[in-house]
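Student: One structure coming up, written as structure tokens, with questions to follow.
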Number of protein chains: 4
Amino acid sequence: MFPYLALVTLALGLVGGFVVTLVDRRDFPTFGDGVWWAIVTLGTVGYGDIVPHTAWGRVIGSLMIGFGVTFIAFLTATVTSEFVSAEEQRARERERRREEVTEEETRELLRALKTQLDAIEAKLDGRT
Amino acid sequence: MFPYLALVTLALGLVGGFVVTLVDRRDFPTFGDGVWWAIVTLGTVGYGDIVPHTAWGRVIGSLMIGFGVTFIAFLTATVTSEFVSAEEQRARERERRREEVTEEETRELLRALKTQLDAIEAKLDGRT
Amino acid sequence: MFPYLALVTLALGLVGGFVVTLVDRRDFPTFGDGVWWAIVTLGTVGYGDIVPHTAWGRVIGSLMIGFGVTFIAFLTATVTSEFVSAEEQRARERERRREEVTEEETRELLRALKTQLDAIEAKLDGRT
Amino acid sequence: MFPYLALVTLALGLVGGFVVTLVDRRDFPTFGDGVWWAIVTLGTVGYGDIVPHTAWGRVIGSLMIGFGVTFIAFLTATVTSEFVSAEEQRARERERRREEVTEEETRELLRALKTQLDAIEAKLDGRT
């Protein structure tokens with residue numbers, strides 16, 4: 001999940017940074033400016049040193065902000081899910097060990113019943 | 001959850017962007033400026049190219065910041081919950097398969113006891 | 001959790017906004033400016049319309065950024081925990097229903113054994 | 001996790017703030033400016049009062065934005081994982097109590113069978 005997420009975001013930064021230079025050349029004179037702005041926007045940092053002022057530039061900007069917020073949500077979700085599932089696995093392991101003890105006790109009782117039944121059968125056979 | 005969240009945020013951006021133009025016309029001369037500022041604020045990007053300077057503009061701004069932070073929290077929570085529950089379902093599936101093996105073993109022991117009891121009953125009947 | 005978190009953040013915004021006006025009066029001439037800056041900082045929006053330039057102002061600023069990031073982390077954690085636990089409760093409910101069926105089957109087998117033992121006892125009594 | 005995370009971020013802020021003054025002295029004249037910019041960037045606040053304009057300054061800036069976003073994701077994940085696991089532990093505790101009741105009932109049934117078998121054995125012994 002993580003490397004895939006990083007790759008998509010990197011691609012998004014490069015494409016977004018390129019497209020915005022086509023659409024709003026006055027605010028984004030070079031490709032470098034576009035990519036720098038895209039990174040600053042995707043990270044929701046928003047220094048404001050480079051900002052689109054045209055309608056189309058702002059449309060691209062709005063999309064990039066949407067992508068940025070979504071990217072951070074997915075990144076946070078990936079890390080959180082990893083942490084939670086590690087924690088849950090430990091808890092589940094403890095639970096399993098407790099259950100195995102209980103199951104063994106039940107199994108022990110059942111085996112004791114079997115031994116008793118064996119004795120009863122032997123007695124019945126012995127008396128024939 | 002996701003499409004509902006996106007819709008509420010979109011509506012909030014349009015309404016907030018419109019209200020701020022009514023309240024602080026000097027900082028937000030057009031509806032487009034208001035919406036652009038609302039998007040930049042809701043995404044917590046905050047370029048600072050357009051900023052309210054009046055008291056009421058700042059009140060709307062504070063509300064929009066509150067909505068933005070809450071929106072991102074809900075978005076992140078939605079994605080994280082999805083990820084965690086997918087992970088948990090896989091773990092639960094594995095656990096269930098393990099439990100089914102244990103239950104089958106217990107059931108097997110009980111069925112063996114039943115067979116033994118059948119034999120004992122047959123012996124008792126045969127000797128009558 | 002939620003109302004407590006909101007209250008602490010509100011208090012932090014008011015106190016931080018007040019303290020910064022004491023420490024850096026040139027950048028924060030009024031209490032209103034201080035509170036507006038505190039809100040913009042705690043929400044990690046950071047328009048940059050008001051920024052501390054003195055060493056002490058930046059110390060307060062750094063603390064406020066730290067509080068802001070922590071506040072958002074706690075807010076997101078609160079919402080996420082709510083979502084995950086709702087999801088987990090549903091999954092646990094389904095699991096419980098499945099387990100109850102299995103337990104009832106085991107109990108059924110045990111009751112059948114009891115009936116058989118009753119019959120054996122009756123036979124033994126009848127033959128005395 | 002938490003103190004370790006705070007320490008790594010603090011170190012990152014100091015190192016990043018120092019390196020950027022070496023690489024881009026015009027935008028970051030003092031170490032204090034570098035550290036202040038690093039904190040503002042790592043917290044994704046991005047006031048924009050200090051911004052790198054050189055290529056290398058922007059490379060360091062991009063790295064710091066990446067670290068900032070990752071740091072916040074890990075911080076949020078740490079808090080969320082804590083909250084979720086506390087919630088799950090409570091739910092697991094309730095579940096365990098329910099299971100213990102069920103297990104005790106099964107065990108009770110097994111013990112009743114044992115008592116019955118004792119009686120059968122006694123009868124068989126008495127009749128010899």
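If you're wondering about the labels, chains in the structure tokens are A, B, ... by order shown, residues count from 1 in each chain, ligands from 1 in order shown.
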Quick check: residues of chain D within 8 Å of chain C, only C-alpha atoms, returned as a ChimeraX atom specification.
Tutor: /D:36,39-40,43-49,72,75-77,79-81,83-84,87-88,102,106,109-110,113,116-117,120,123-124,127
Student: For those residues, write C-alpha atoms to a file as a PDB file, in the first residue's frame.
Tutor:
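The result, stored in part_24.pdb:
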```
ATOM      1  CA  TRP D  36      11.293  28.391  12.653  1.00  0.00           C
ATOM      2  CA  ILE D  39       8.714  23.807  12.512  1.00  0.00           C
ATOM      3  CA  VAL D  40       6.162  25.725  10.417  1.00  0.00           C
ATOM      4  CA  GLY D  43       3.425  21.050  11.184  1.00  0.00           C
ATOM      5  CA  THR D  44       2.080  21.671   7.615  1.00  0.00           C
ATOM      6  CA  VAL D  45       1.134  25.182   8.742  1.00  0.00           C
ATOM      7  CA  GLY D  46       3.187  26.941   6.070  1.00  0.00           C
ATOM      8  CA  TYR D  47       2.783  30.637   6.901  1.00  0.00           C
ATOM      9  CA  GLY D  48       4.903  31.572   3.917  1.00  0.00           C
ATOM     10  CA  ASP D  49       6.854  34.268   5.793  1.00  0.00           C
ATOM     11  CA  ILE D  72       1.539  13.724  11.427  1.00  0.00           C
ATOM     12  CA  LEU D  75       1.317  10.779  15.410  1.00  0.00           C
ATOM     13  CA  THR D  76      -2.352  10.349  14.460  1.00  0.00           C
ATOM     14  CA  ALA D  77      -1.834   6.584  14.055  1.00  0.00           C
ATOM     15  CA  VAL D  79      -3.087   8.159  19.243  1.00  0.00           C
ATOM     16  CA  THR D  80      -5.769   6.347  17.209  1.00  0.00           C
ATOM     17  CA  SER D  81      -4.220   2.940  17.868  1.00  0.00           C
ATOM     18  CA  PHE D  83      -7.861   4.777  21.526  1.00  0.00           C
ATOM     19  CA  VAL D  84      -9.009   1.829  19.416  1.00  0.00           C
ATOM     20  CA  GLU D  87     -12.037   0.422  23.212  1.00  0.00           C
ATOM     21  CA  GLU D  88     -11.369  -3.090  21.876  1.00  0.00           C
ATOM     22  CA  THR D 102     -21.022 -20.381  28.442  1.00  0.00           C
ATOM     23  CA  THR D 106     -20.798 -26.732  29.318  1.00  0.00           C
ATOM     24  CA  LEU D 109     -23.152 -30.458  31.960  1.00  0.00           C
ATOM     25  CA  LEU D 110     -19.975 -32.550  31.689  1.00  0.00           C
ATOM     26  CA  LEU D 113     -22.502 -36.705  33.155  1.00  0.00           C
ATOM     27  CA  GLN D 116     -24.234 -40.127  36.455  1.00  0.00           C
ATOM     28  CA  LEU D 117     -21.408 -42.402  35.312  1.00  0.00           C
ATOM     29  CA  ILE D 120     -23.797 -46.399  37.017  1.00  0.00           C
ATOM     30  CA  LYS D 123     -24.675 -49.951  40.555  1.00  0.00           C
ATOM     31  CA  LEU D 124     -22.582 -52.349  38.463  1.00  0.00           C
ATOM     32  CA  ARG D 127     -24.587 -56.115  41.682  1.00  0.00           C
TER      33      ARG D 127
END
```
Student: What residues in segment 11-93 of chain B get the DSSP label helix (DSSP H, G or I)? Please answer as a ChimeraX atom specification.
Tutor: /B:11-23,31-42,55-93
